[in-house]
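Structure first, then comments.
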Amino acid sequence: MIKQHPLYQEDLERILQTPDIGRLQGKRFLITGATGLIGVCLIDALMRFNHQGANIDIYALGRNKEKAASRLGEYYDNPHFHFVEQDVRQPLPADIEADYIIPLASNTHPLAYSQFPIETIEINVKGAEAALQKAESCGATVLYPSTVEVYGNARGDEDFTEDYTGQLNLQTARACYTESKRLSEALCQSYVAEKGVRVKIVRLSRLFGPTMLTSDSKASSQFLLKALNGEDIVLKSKGEQLFSYTYVADAVSAMLHVLLHGEQGVAYNISNQSCNVRLKDFALLCAEWANKQVVFDLPTETERKGFSIAMRALLDNSRLLGLGWTPNYSMREAVFRTLSIIGGKEN
C-alpha cells in the first residue's frame with residue numbers, strides 16, 4: 001500500500017519538520033479538494049502529526065464519497081477526521097468552525113479544461129468565494145493555492161517573480177483555468193482590503209508525486225503512469241518546454257511554511273530550482289526508471305485544446321527561500337521516489 005511505503009512515511013516525517021509546526025496543535029483545518037494530489041498528502045501529514053498528539057481537527061470536503069473512502073478511508077473512524085460530501089460551488093457548512101481554510105478543489109488537468117471549461121471556472125471562483133466567506137464568518141486564515149498558470153507566457157529568458165503581471169491568451173479553452181485562478185487571487189485581495197480577512201497565497205509550480213490520481217491527463221502524470229505500466233514514454237511534442245516542477249511532499253512542506261511564516265496578503269512562488277527541467281528530461285527519467293524508451297506521438301485535437309502553449313515557465317522562489325524554507329528532493333530523487341512508492345519498490 002502506497003501510504004505504508006517507508007519512503008512515503010519518510011516524506012510525511014520531513015513535512016512535519018516544518019519550523020514552528022507545533023503552533024498547529026489543536027487547530028481546525030477545513031480542506032476542500034481533499035481527495036486530490038495535494039489534499040491527500042497534506043491530510044496524511046496532519047494525521048501523522050495527530051499520531052504524535054497534535055489533536056488537529058480536519059474537515060475534508062469532496063464531491064465523491066466513494067472516491068474519498070478509497071483515498072482517505074483509513075481515517076474515517078478517527079475522531080479528529082470528518083469527511084463532508086459536498087460540491088465547493090455551494091456555501092461551506094455553517095456548523096463547521098475552522099482556524100485554517102485551504103480551498104484545493106479544482107480541475108487541474110488538460111482534459112478537464114477542454115471538456116469542462118465552465119465547470120472549471122465555477123469550481124475555482126465559487127470555491128474561492130466560499131472559502132473567503134467562511135473565513136470572514138469564523139475568523140479563519142485562508143491559504144489560497146494559486147498556480148504558475150497565472151503568469152501565462154514568459155518574458156524572454158526571465159523567471160517569473162511574484163510581481164510579474166502575466167501575458168495570457170484568452171482565445172483558448174485553457175483560459176478557463178488561468179483566468180479563473182487570476183480572478184480568485186483578485187477575490188482574495190478584495191476580501192483582505194474590504195473585509196479584513198486573513199489570506200496568504202501560494203503559486204504552485206507543476207506538481208507530481210505518489211498521491212497522484214490515475215485520471216490525471218497532465219503530460220508528467222502520463223509519463224509516470226506509462227513507466228509504472230512498463231511501457232515506453234509517449235511525448236506529444238519535442239519536449240523542449242522548460243518548466244518548474246515540485247514533488248508533492250516539498251509543495252506541502254512549503255505550503256505549511258507559508259501558512260506559519262508568510263505575510264498576510266502576500267503571494268509566494270513554490271518551486272524547487274533543482275527541479276527546473278525540460279519536459280523531455282522528465283520523460284527520460286521515467287523511461288530510465290522503467291528501462292524503456294521515449295517515443296513521440298502527435299496529440300489529438302481534444303488533447304491539443306487543453307495543452308499549455310508556454311515554452312518556458314520557471315518560478316523564482318527567492319521570496320519563499322527568504323522565509324527559511326528549503327526543498328528536500330532533487331528531480332531525479334522525486335521522480336524515482338514517486339515511481340518506487342506507487343510501484344511498491346525500494347528506491
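By order of appearance in the C-alpha cells: chains A, B, ..., then residues from 1 within every chain, and ligands from 1 in the order shown.
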
Would you mind listing, for every residue of stretch 206-251 of chain A within 10 Å of stretch 29-49 of chain A, the two atoms forming the shortest contact and the distance between them in Å to one decimal, using only C-alpha atoms, sorted by chain and ascending residue number, as CSV?
residue,atom,partner,partner_atom,distance
A:Leu207,CA,A:Leu37,CA,8.3
A:Phe208,CA,A:Leu37,CA,7.6
A:Gly209,CA,A:Leu37,CA,7.4
A:Pro210,CA,A:Leu37,CA,8.0
A:Thr211,CA,A:Leu37,CA,5.0
A:Met212,CA,A:Leu37,CA,4.8
A:Leu213,CA,A:Leu37,CA,6.7
A:Asp216,CA,A:Leu37,CA,9.7
A:Val248,CA,A:Ile38,CA,6.5
A:Ala249,CA,A:Cys41,CA,7.0
A:Ala251,CA,A:Ile38,CA,8.0

#### Entry: helix (DSSP H, G or I) positions in stretch 82-160 of chain A, given as a ChimeraX atom specification
/A:110-115,117-138,148-151

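Nearest to A:Tyr177 of all the residues A:Asp159, A:Asp95, A:Glu122, A:Asp281 is A:Glu122, counting only C-alpha atoms.
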
Self-check item: Exercise: A:Ser217 partners within 7 Å, only C-alpha atoms, chain neighbours under 2 positions left out, as a list in words
Solution: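 Near neighbours after the sequence-gap exclusion: His109, Pro110, Leu111, Ser215, Ala219, Ser221 and Gln222 of chain A.
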
Notebook entry, point to check: So which bits of stretch 67-130 of chain A end up strand (DSSP E or B) when you DSSP the backbone, as a list of chain:residue names?
Noted result: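 The strand (DSSP E or B) subset of stretch 67-130 of chain A is A:Phe81, A:His82, A:Phe83, A:Val84, A:Glu85, A:Tyr100, A:Ile101, A:Ile102, A:Pro103.
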
Notebook entry, point to check: Excluding same-chain residues fewer than 3 positions from A:Gly230, what lies within 10 Å of it counting only C-alpha atoms, as a ChimeraX atom specification?
Noted result: /A:224-227,233,287,289-292

Generate the output file for the selected residues, N, CA and C atoms, as a PDB file, in the first residue's frame.
ATOM      1  N   LEU A 224       4.586   9.149 -15.853  1.00  0.00           N
ATOM      2  CA  LEU A 224       4.720   8.307 -14.668  1.00  0.00           C
ATOM      3  C   LEU A 224       3.881   7.034 -14.802  1.00  0.00           C
ATOM      4  N   LEU A 225       2.653   7.169 -15.295  1.00  0.00           N
ATOM      5  CA  LEU A 225       1.775   6.009 -15.455  1.00  0.00           C
ATOM      6  C   LEU A 225       2.331   5.037 -16.489  1.00  0.00           C
ATOM      7  N   LYS A 226       2.877   5.563 -17.577  1.00  0.00           N
ATOM      8  CA  LYS A 226       3.485   4.698 -18.589  1.00  0.00           C
ATOM      9  C   LYS A 226       4.651   3.908 -17.989  1.00  0.00           C
ATOM     10  N   ALA A 227       5.486   4.587 -17.216  1.00  0.00           N
ATOM     11  CA  ALA A 227       6.629   3.911 -16.595  1.00  0.00           C
ATOM     12  C   ALA A 227       6.157   2.816 -15.648  1.00  0.00           C
ATOM     13  N   ILE A 233       7.616   5.707 -22.889  1.00  0.00           N
ATOM     14  CA  ILE A 233       7.078   7.011 -22.502  1.00  0.00           C
ATOM     15  C   ILE A 233       6.721   7.791 -23.755  1.00  0.00           C
ATOM     16  N   ALA A 287      11.563   6.994 -18.180  1.00  0.00           N
ATOM     17  CA  ALA A 287      11.996   5.879 -19.029  1.00  0.00           C
ATOM     18  C   ALA A 287      13.183   5.146 -18.406  1.00  0.00           C
ATOM     19  N   TRP A 289      13.888   4.830 -15.205  1.00  0.00           N
ATOM     20  CA  TRP A 289      13.415   4.017 -14.077  1.00  0.00           C
ATOM     21  C   TRP A 289      12.783   2.713 -14.569  1.00  0.00           C
ATOM     22  N   ALA A 290      12.025   2.816 -15.673  1.00  0.00           N
ATOM     23  CA  ALA A 290      11.304   1.651 -16.191  1.00  0.00           C
ATOM     24  C   ALA A 290      12.109   0.842 -17.194  1.00  0.00           C
ATOM     25  N   ASN A 291      13.302   1.320 -17.531  1.00  0.00           N
ATOM     26  CA  ASN A 291      14.131   0.675 -18.561  1.00  0.00           C
ATOM     27  C   ASN A 291      13.382   0.604 -19.894  1.00  0.00           C
ATOM     28  N   LYS A 292      12.794   1.741 -20.262  1.00  0.00           N
ATOM     29  CA  LYS A 292      12.038   1.833 -21.505  1.00  0.00           C
ATOM     30  C   LYS A 292      12.571   2.989 -22.349  1.00  0.00           C
TER      31      LYS A 292
END

For A:Glu10: contacts at 12 Å, only C-alpha atoms, fewer than 5 positions along chain excluded, given as a list in words
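Neighbouring residues, sequence-local ones excluded: Lys3, Gln4, His5, Ile15, Leu16, Gln17, Asp44, Ala45, Arg48, Ala249, Asp250, Asn328, Tyr329, Arg337 and Ile341 of chain A.
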
How would the residues just picked look written out with N, CA and C atoms as a compact mmCIF listing (two decimals), in the first residue's frame?
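Below is the file selection.txt, written as the result:
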# COMPACT_ATOMS: atom_id res chain seq x y z
N LYS A 3 0.58 4.28 1.16
CA LYS A 3 0.74 5.09 2.36
C LYS A 3 1.63 4.42 3.41
N GLN A 4 1.81 3.12 3.31
CA GLN A 4 2.67 2.42 4.26
C GLN A 4 4.10 2.29 3.77
N HIS A 5 4.34 2.71 2.54
CA HIS A 5 5.69 2.60 1.98
C HIS A 5 6.66 3.43 2.82
N ILE A 15 7.88 16.56 6.16
CA ILE A 15 6.92 17.66 6.18
C ILE A 15 6.73 18.17 7.60
N LEU A 16 6.70 17.26 8.56
CA LEU A 16 6.47 17.63 9.95
C LEU A 16 7.68 18.29 10.61
N GLN A 17 8.77 18.40 9.86
CA GLN A 17 9.93 19.13 10.36
C GLN A 17 9.85 20.62 10.04
N ASP A 44 -2.56 13.37 5.08
CA ASP A 44 -1.72 12.30 5.63
C ASP A 44 -0.69 12.87 6.61
N ALA A 45 -0.10 14.02 6.25
CA ALA A 45 0.90 14.63 7.13
C ALA A 45 0.27 15.10 8.44
N ARG A 48 -0.62 12.17 10.59
CA ARG A 48 0.60 11.63 11.21
C ARG A 48 0.98 12.48 12.42
N ALA A 249 5.49 16.32 -1.71
CA ALA A 249 5.87 16.47 -0.30
C ALA A 249 6.60 17.78 -0.06
N ASP A 250 7.41 18.21 -1.02
CA ASP A 250 8.06 19.52 -0.91
C ASP A 250 7.02 20.64 -1.00
N ASN A 328 13.60 19.36 -0.18
CA ASN A 328 14.30 18.15 0.23
C ASN A 328 14.80 17.29 -0.92
N TYR A 329 14.18 17.43 -2.10
CA TYR A 329 14.42 16.43 -3.14
C TYR A 329 14.88 17.03 -4.47
N ARG A 337 11.35 8.40 -6.43
CA ARG A 337 10.54 8.14 -5.23
C ARG A 337 9.09 7.92 -5.61
N ILE A 341 7.38 4.38 -4.82
CA ILE A 341 6.29 4.31 -3.84
C ILE A 341 5.04 3.71 -4.46

Name the residues in contact with A:Ala112 at a cut-off of 9 Å, using only C-alpha atoms, excluding same-chain residues fewer than 5 positions from it; report them as an mmCIF file with C-alpha atoms, in the first residue's frame.
data_model
loop_
_atom_site.group_PDB
_atom_site.id
_atom_site.type_symbol
_atom_site.label_atom_id
_atom_site.label_comp_id
_atom_site.auth_asym_id
_atom_site.auth_seq_id
_atom_site.Cartn_x
_atom_site.Cartn_y
_atom_site.Cartn_z
ATOM 1 C CA ASN A 107 -9.950 20.928 -12.238
ATOM 2 C CA PRO A 117 -14.335 24.785 -19.131
ATOM 3 C CA GLU A 119 -17.231 23.883 -14.532
ATOM 4 C CA THR A 120 -13.511 24.670 -14.196
ATOM 5 C CA SER A 217 -4.111 13.851 -18.048
ATOM 6 C CA GLY A 306 -6.121 21.750 -23.205
#

Set the distance at 8 Å and use only C-alpha atoms: which residues neighbour A:Glu185 once local chain neighbours fewer than 3 positions away are removed? I'd like the list as a PDB file with N, CA, C and O atoms, in the first residue's frame.
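Below is the file that was written, around_31.pdb:
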ATOM      1  N   TYR A 144      -4.526  30.291   0.110  1.00  0.00           N
ATOM      2  CA  TYR A 144      -5.077  30.089  -1.222  1.00  0.00           C
ATOM      3  C   TYR A 144      -4.036  29.496  -2.173  1.00  0.00           C
ATOM      4  O   TYR A 144      -2.977  30.086  -2.395  1.00  0.00           O
ATOM      5  N   SER A 146      -2.795  29.114  -5.532  1.00  0.00           N
ATOM      6  CA  SER A 146      -2.827  29.587  -6.910  1.00  0.00           C
ATOM      7  C   SER A 146      -1.817  28.775  -7.725  1.00  0.00           C
ATOM      8  O   SER A 146      -1.405  27.699  -7.310  1.00  0.00           O
ATOM      9  N   LYS A 181      -8.235  31.404 -12.007  1.00  0.00           N
ATOM     10  CA  LYS A 181      -7.259  31.458 -10.913  1.00  0.00           C
ATOM     11  C   LYS A 181      -6.823  32.901 -10.651  1.00  0.00           C
ATOM     12  O   LYS A 181      -6.638  33.314  -9.500  1.00  0.00           O
ATOM     13  N   ARG A 182      -6.651  33.676 -11.714  1.00  0.00           N
ATOM     14  CA  ARG A 182      -6.303  35.091 -11.541  1.00  0.00           C
ATOM     15  C   ARG A 182      -7.433  35.838 -10.844  1.00  0.00           C
ATOM     16  O   ARG A 182      -7.206  36.641  -9.933  1.00  0.00           O
ATOM     17  N   CYS A 188      -9.328  37.170  -3.415  1.00  0.00           N
ATOM     18  CA  CYS A 188      -8.615  37.087  -2.138  1.00  0.00           C
ATOM     19  C   CYS A 188      -8.174  38.472  -1.679  1.00  0.00           C
ATOM     20  O   CYS A 188      -8.394  38.866  -0.521  1.00  0.00           O
ATOM     21  N   GLN A 189      -7.551  39.231  -2.580  1.00  0.00           N
ATOM     22  CA  GLN A 189      -7.060  40.561  -2.226  1.00  0.00           C
ATOM     23  C   GLN A 189      -8.218  41.504  -1.902  1.00  0.00           C
ATOM     24  O   GLN A 189      -8.083  42.388  -1.036  1.00  0.00           O
ATOM     25  N   ILE A 201      -1.173  33.524   0.025  1.00  0.00           N
ATOM     26  CA  ILE A 201      -1.306  32.930  -1.303  1.00  0.00           C
ATOM     27  C   ILE A 201      -0.023  32.196  -1.683  1.00  0.00           C
ATOM     28  O   ILE A 201       1.077  32.715  -1.481  1.00  0.00           O
TER      29      ILE A 201
END

Atom CA of A:Pro6 to atom CA of A:Glu66, straight-line distance in Å: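 According to the coordinates, atom CA of A:Glu66 and atom CA of A:Pro6 are separated by 26.4 Å.
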
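When atom CA of A:Asn55 is paired with atom CA of A:His80, their separation reads 6.9 Å.
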
Students should find that atom CA of A:Phe81 and atom CA of A:Ile58 are spaced 5.0 Å

Counting only C-alpha atoms, closest pick from A:Asn317, A:Thr246, A:Gln86, A:Gln293 relative to A:Arg332 is A:Thr246
